[in-house]
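S.K.: Questions regarding the structure given below will be posed in turn.
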Amino acid sequence: MLSLYVFFFLSAVTLVSAVMVLLSKKPIHSVLYLTLTFFTLAGHYIMLNAQFLAVVHIIVYAGAIMVLFLFTVMLLNLNIEGEFQKSTVMKFVAAIAGGMIFLVLIGTLKSFDVTTVGDPSMTQIGLVKNLGKTLYSQYLMPFELSSILFLSAMVGAVMLGKKDKN
Amino acid sequence: MYAIITISIVAIIVLFLGAIQKKTPLLPIIFVGLPVAFIINLLGWNQSIHYYNEMYIADNFSIAFNAVLIFTTLLVFIFAPVYYKPVKRPLEDIYALILFALIGALTMTGFGNILMLFVGIETMSLSLYILAGSKKFDPNSNEAAMKYFLTGSFASGFLLFGIALIYGACGSMNLETIKEFVVAHHNNIPAMLNIGLLLVAIGMTFKIGAAPFHFWAPDVYEGSPTLITTFMATVGKVAAIAAFFRLMSSSFSDMESSWVVTLTIFAIATILIGNLSAFYQDNVKRMFAYSGIAHAGYMLIAIIALKQQAAGVLLLYSISYTIATITAFAVLILVREETGTFSINAFKGLAKHNPTEAFAMTIAMLSLAGIPPLVGFAAKYNLFIAAIEQGHLPLVIVAIVGSMISVYYYIRPVVAMYFNLPSATSAIDSSSNYKKQIFLAAFLMIVLGLIPGVIINLI
Amino acid sequence: MSSLSLFLTVFLTGIVLVVAGLGIAILLAPKSFNLQKGEPYECGIITHGTSWMQFKAGYYLYAILYLMFDVETIFLFPWATIVRDLGYQGLYSILFFIVILGLGLAYAWKKNVLKWD
């Protein structure tokens, strides 16, 4: 029962702060609301018994990626109010398009069968040890391949961010 | 699999040789490394090896497509010295990123688990985002990179959401297991699987640049450096369509009723939008972007008709599209070097001073338009036959109408080259070493057009 | 369920303690106000302009390199918990991963990205 209340509380905060990301006039405020969204999502992960994912979410997203977002806002000197208003037609069209996707998702969500996980070990998959075992045996290849992904990201950052001599 | 490792090693060696300011050995290493990877890749023919818990499957499908991708990348690299002639620095980052993108592409053709598909797509896309913006001081290039990145990451979000829903429905991301699930639940496919598949299809159609998710393509193709556009239009598109085909044929072929109509509408829209928009372009580079969209539509037909062993036809189509596009872009690069513009007027009277280039361009254009006896015709013919046998007559009629429209805009540069001789622009410097490649490509287009069955029956 | 209620108890206690500490301080502390207290440097040159200003792009490179290694450390953690079960196979796989990422750092170093100028 208690977990149900926690779930509703977290969901409400997540949704409100996610909407506030879009509605805030100042980019910095958007970024801070995004941080709040990440924290509440981490709460959801804990509720799902995925502790490792929750911690990663806080360290990487709320920590490192937020720093990057803030840097970007500062780099571009974006802390100006009301510069990014779209025309009413654009807003209208975007609302219709987004609303249709939303409707489709809601419509299918209604017909989802709520199933319980048959395999009891699956509920423990979010624990660090189990996750490590899966990651380093079954999913070893995507893991190693992601190092290539990181390397290309680094090369790209160096290429685009480096000050050229000329 | 070992081809991927080889290319990774080559990429890292290139990266570090460039970092220590060694310029000369970079391209020779690539020209040795890629053929080696090509041969290593072919060594696994007919063996169907499954690597690492079915993460990567080296069957004939993936080997054939990997061969096409590696060969195409090699052709792109051959034009690199011509394109980057004015640049004095070693350019190791651009070369390495192209190779990283190739690694992603190779992963996409042979994935056995949807997670690998995602990692492959991300590796390829991330490298392409960066490459699109590699002309750092050109605002068009910056805009292309930014647009590509924003829309691309949005599409990745859809793809990931879809993967999550498919996993939720089937309890696995392994292609085989998903197929078993689909066969077992043939009569009551859960809605979660349907919507997951739809979202994955949205993500994949974005990556192949098919309508209605094609809006990024013209701007990105136009703004990116031309060499990168060539790479994107060939390797990026072929890898994505091969991955899409693999996903559909190995997992979802038994629930056709839930996606065939959607994909048919996508294909019809793509063919019409691509061809009709290309009709109005005066900028040849932009015209190729729209023609690429139209060809993505034709390739979608192969997925719609996948029950007819369409893999071989898709392979033939990919080869024909790739070779013709590369040849056309190569000539475009040369013309642009000389005239400084991508406008169709730049081609005026090209045949006067540069008959070789004009001939190659003509062959490429006619092949793209699907004129017999070139390979483009053979590919389209077999594709349409496969679709008709599967009962998709309206789709084929639209595709044929689209092909007829396309003849007009493909002929325009040819007309400009041969019938405007008095207003000829000055001769293009043809001293550089690319003529052999142009001949090779033209040769392949003619020969493969005569013996298409060899390719089709390959896989 | 008991672990959740324990968590909630700790969580609420934490909130109560912080709020109580700050609240009592606000209530008890003497209040005084003058303009000088608002200055960033109480004794120094008076600042002018806004504190919102454009950053140097160089920070961004550091941040993104930091992010890469942040993620790498995250991957090291589950590996470390099961390193004994994995044996040499696990050692090789993590070494491969670290070496590739290390190569990225070496590349950035070689390209003088880490040098501040």
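Letters for chains follow the order of the structure tokens (A, B, ...), residue numbers begin at 1 for each chain, and ligand numbers begin at 1 in the order shown.
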With the cut-off set at 8 Å and counting only C-alpha atoms, tabulate each residue of chain A with an atom at most that distance from an atom of chain B, showing the nearest atom pair and its distance in Å to one decimal, ordered by chain and increasing number, as a Markdown table.

M.R.:
```
| residue | atom | partner | partner_atom | distance |
| --- | --- | --- | --- | --- |
| A:Leu105 | CA | B:Ile195 | CA | 7.6 |
| A:Thr108 | CA | B:Ala191 | CA | 5.9 |
| A:Leu109 | CA | B:Met192 | CA | 7.4 |
| A:Ser111 | CA | B:Ala191 | CA | 6.5 |
| A:Phe112 | CA | B:Met192 | CA | 6.1 |
| A:Asp113 | CA | B:Pro190 | CA | 7.8 |
| A:Gln138 | CA | B:Asn53 | CA | 6.1 |
| A:Tyr139 | CA | B:Met55 | CA | 7.7 |
| A:Leu140 | CA | B:Tyr52 | CA | 7.4 |
| A:Met141 | CA | B:Tyr52 | CA | 6.6 |
| A:Pro142 | CA | B:Met116 | CA | 5.8 |
| A:Leu145 | CA | B:Val119 | CA | 7.3 |
| A:Ser146 | CA | B:Val119 | CA | 6.7 |
| A:Ile148 | CA | B:Phe100 | CA | 7.2 |
| A:Leu149 | CA | B:Thr123 | CA | 5.1 |
| A:Ser152 | CA | B:Leu97 | CA | 6.3 |
| A:Ala153 | CA | B:Leu126 | CA | 7.1 |
| A:Val155 | CA | B:Asp93 | CA | 6.5 |
| A:Gly156 | CA | B:Ile130 | CA | 5.8 |
| A:Met159 | CA | B:Asp93 | CA | 6.9 |
| A:Leu160 | CA | B:Lys136 | CA | 7.0 |
```

S.K.: At most 8 Å is the cut-off: for each residue in segment 1-113 of chain C with any atom that close to an atom of segment 51-73 of chain A, write down the nearest atom pair and the distance in Å rounded to one decimal, counting only C-alpha atoms, chain first then increasing number, as JSON lines.

M.R.:
```
{"residue": "C:Phe55", "atom": "CA", "partner": "A:Phe71", "partner_atom": "CA", "distance": 7.6}
{"residue": "C:Tyr59", "atom": "CA", "partner": "A:Phe71", "partner_atom": "CA", "distance": 7.6}
{"residue": "C:Tyr60", "atom": "CA", "partner": "A:Phe71", "partner_atom": "CA", "distance": 6.5}
{"residue": "C:Ala63", "atom": "CA", "partner": "A:Leu68", "partner_atom": "CA", "distance": 6.3}
{"residue": "C:Ile64", "atom": "CA", "partner": "A:Leu68", "partner_atom": "CA", "distance": 7.1}
{"residue": "C:Tyr66", "atom": "CA", "partner": "A:Ala64", "partner_atom": "CA", "distance": 7.7}
{"residue": "C:Leu67", "atom": "CA", "partner": "A:Ala64", "partner_atom": "CA", "distance": 5.7}
{"residue": "C:Asp70", "atom": "CA", "partner": "A:Val60", "partner_atom": "CA", "distance": 6.9}
{"residue": "C:Val71", "atom": "CA", "partner": "A:Val60", "partner_atom": "CA", "distance": 6.8}
{"residue": "C:Ile74", "atom": "CA", "partner": "A:Val56", "partner_atom": "CA", "distance": 6.8}
```

S.K.: For segment 107-114 of chain C, please output as number ranges by chain all residues within 7 Å (counting only C-alpha atoms; exclusion window: fewer than 6 positions along the same chain).

M.R.: A: 158, 162; B: 16, 19

S.K.: I'd like a table as JSON lines: residues in chain A with an atom no more than 6 Å from chain C, each row giving the shortest atom pair and its distance in Å to one decimal, only C-alpha atoms counted, sorted by chain and rising residue number.

M.R.:
```
{"residue": "A:Ala64", "atom": "CA", "partner": "C:Leu67", "partner_atom": "CA", "distance": 5.7}
{"residue": "A:Met74", "atom": "CA", "partner": "C:Gln54", "partner_atom": "CA", "distance": 5.6}
{"residue": "A:Leu75", "atom": "CA", "partner": "C:Phe55", "partner_atom": "CA", "distance": 4.8}
{"residue": "A:Asn77", "atom": "CA", "partner": "C:Gln54", "partner_atom": "CA", "distance": 5.1}
{"residue": "A:Val128", "atom": "CA", "partner": "C:Pro78", "partner_atom": "CA", "distance": 5.5}
{"residue": "A:Gly132", "atom": "CA", "partner": "C:Pro78", "partner_atom": "CA", "distance": 4.6}
{"residue": "A:Glu144", "atom": "CA", "partner": "C:Phe97", "partner_atom": "CA", "distance": 6.0}
{"residue": "A:Ser147", "atom": "CA", "partner": "C:Phe97", "partner_atom": "CA", "distance": 5.8}
{"residue": "A:Leu151", "atom": "CA", "partner": "C:Gly104", "partner_atom": "CA", "distance": 5.5}
```

S.K.: For the residues in that selection, give me C-alpha atoms as a short mmCIF file (atom, residue, chain, number, x, y, z; two decimals), in the first residue's frame.

M.R.:
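In the end it all went to again-v8.cif:
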```
data_model
loop_
_atom_site.label_atom_id
_atom_site.label_comp_id
_atom_site.auth_asym_id
_atom_site.auth_seq_id
_atom_site.Cartn_x
_atom_site.Cartn_y
_atom_site.Cartn_z
CA ALA A 64 27.43 14.51 -15.46
CA MET A 74 26.19 29.03 -20.44
CA LEU A 75 28.30 28.53 -23.57
CA ASN A 77 24.63 32.48 -23.43
CA VAL A 128 24.47 -4.98 -9.21
CA GLY A 132 27.16 -7.59 -13.89
CA GLU A 144 32.63 -3.98 -25.99
CA SER A 147 33.60 1.32 -26.30
CA LEU A 151 35.79 6.45 -28.79
#
```

S.K.: Quick one: distance from atom CA of Pro373 of chain B to atom CA of Ala324 of chain B in Å, one decimal?

M.R.: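 Taking atom CA of Pro373 of chain B as the start and atom CA of Ala324 of chain B as the end point, the length is 14.0 Å.
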
S.K.: Write out as a list in words each polymer residue whose atoms come within 8 Å of Ala305 of chain B, counting only C-alpha atoms; drop sequence neighbours fewer than 6 positions from it.

M.R.: Ala386, Ala387 and Gln390 of chain B

S.K.: Please save C-alpha atoms of the selected residues as a JSON list (two decimals), in the first residue's frame.

M.R.:
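What landed in out_28.json:
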```json
[["chain", "number", "residue", "atom", "x", "y", "z"],
["B", 386, "ALA", "CA", 8.60, -10.11, -56.42],
["B", 387, "ALA", "CA", 6.05, -7.58, -55.20],
["B", 390, "GLN", "CA", 3.04, -11.23, -53.43]]
```

S.K.: Using only C-alpha atoms, find each residue in segment 257-332 of chain B having at least one atom no more than 7 Å away from segment 215-225 of chain B; report its shortest atom-to-atom pair and that distance in Å (one decimal), rows by chain then rising number, as CSV.

M.R.:
```
residue,atom,partner,partner_atom,distance
B:Lys285,CA,B:Glu222,CA,6.0
B:Arg286,CA,B:Glu222,CA,5.5
B:Ala289,CA,B:Pro218,CA,5.1
B:Tyr290,CA,B:Pro218,CA,6.5
```

S.K.: Rounded to one decimal, what separation in Å do you get between atom CA of Met361 of chain B and atom CA of Val32 of chain B?

M.R.: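 Rounded to one decimal, the two atoms are 28.1 Å apart.
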
S.K.: So which residues of segment 244-287 of chain B fall under alpha helix (DSSP H) by DSSP, listed as a short mmCIF file (atom, residue, chain, number, x, y, z; two decimals) with C-alpha atoms, in the first residue's frame?

M.R.:
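Once everything was written out, this is selection33.cif:
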```
data_model
loop_
_atom_site.label_atom_id
_atom_site.label_comp_id
_atom_site.auth_asym_id
_atom_site.auth_seq_id
_atom_site.Cartn_x
_atom_site.Cartn_y
_atom_site.Cartn_z
CA PHE B 244 15.32 -3.31 -41.29
CA PHE B 245 15.00 -6.24 -43.69
CA ARG B 246 16.80 -8.55 -41.31
CA LEU B 247 14.59 -7.52 -38.41
CA MET B 248 11.39 -8.02 -40.37
CA SER B 249 12.34 -11.24 -42.13
CA SER B 250 13.84 -13.03 -39.15
CA SER B 251 11.32 -12.02 -36.50
CA VAL B 260 2.36 -4.65 -44.33
CA VAL B 261 -0.32 -2.00 -44.80
CA THR B 262 1.66 0.58 -42.83
CA LEU B 263 4.84 -0.09 -44.75
CA THR B 264 2.96 -0.07 -48.07
CA ILE B 265 1.64 3.39 -47.29
CA PHE B 266 5.15 4.48 -46.27
CA ALA B 267 6.59 3.11 -49.50
CA ILE B 268 3.96 4.75 -51.71
CA ALA B 269 4.39 8.09 -49.94
CA THR B 270 8.17 7.80 -50.15
CA ILE B 271 8.24 7.03 -53.86
CA LEU B 272 5.82 9.83 -54.72
CA ILE B 273 7.35 12.48 -52.44
CA GLY B 274 10.91 11.61 -53.40
CA ASN B 275 10.33 11.63 -57.12
CA LEU B 276 8.02 14.63 -57.24
CA SER B 277 10.34 16.76 -55.10
CA ALA B 278 13.41 15.74 -57.08
CA PHE B 279 11.52 16.90 -60.16
CA VAL B 284 22.06 18.50 -58.23
CA LYS B 285 23.18 17.60 -54.71
CA ARG B 286 19.70 18.27 -53.37
CA MET B 287 18.22 16.34 -56.26
#
```

S.K.: As an exercise, work out the distance from atom CA of Ala239 of chain B to atom CA of Phe65 of chain B in Å and give it to one decimal place.

M.R.: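 Pair atom CA of Ala239 of chain B / atom CA of Phe65 of chain B returns 7.7 Å.
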
S.K.: As a ChimeraX atom specification, please: the residues near segment 31-38 of chain A (cut-off 6 Å, only C-alpha atoms, same-chain neighbours under 5 positions excluded).

M.R.: /A:14,17,21,62

S.K.: Check the smallest atom-to-atom distance from each of A:Gly98, A:Met154, A:Phe8, A:Leu127 to Ile46 of chain A using only C-alpha atoms, then report the winner.

M.R.: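 Using only C-alpha atoms, Ile46 of chain A sits closest to A:Leu127.
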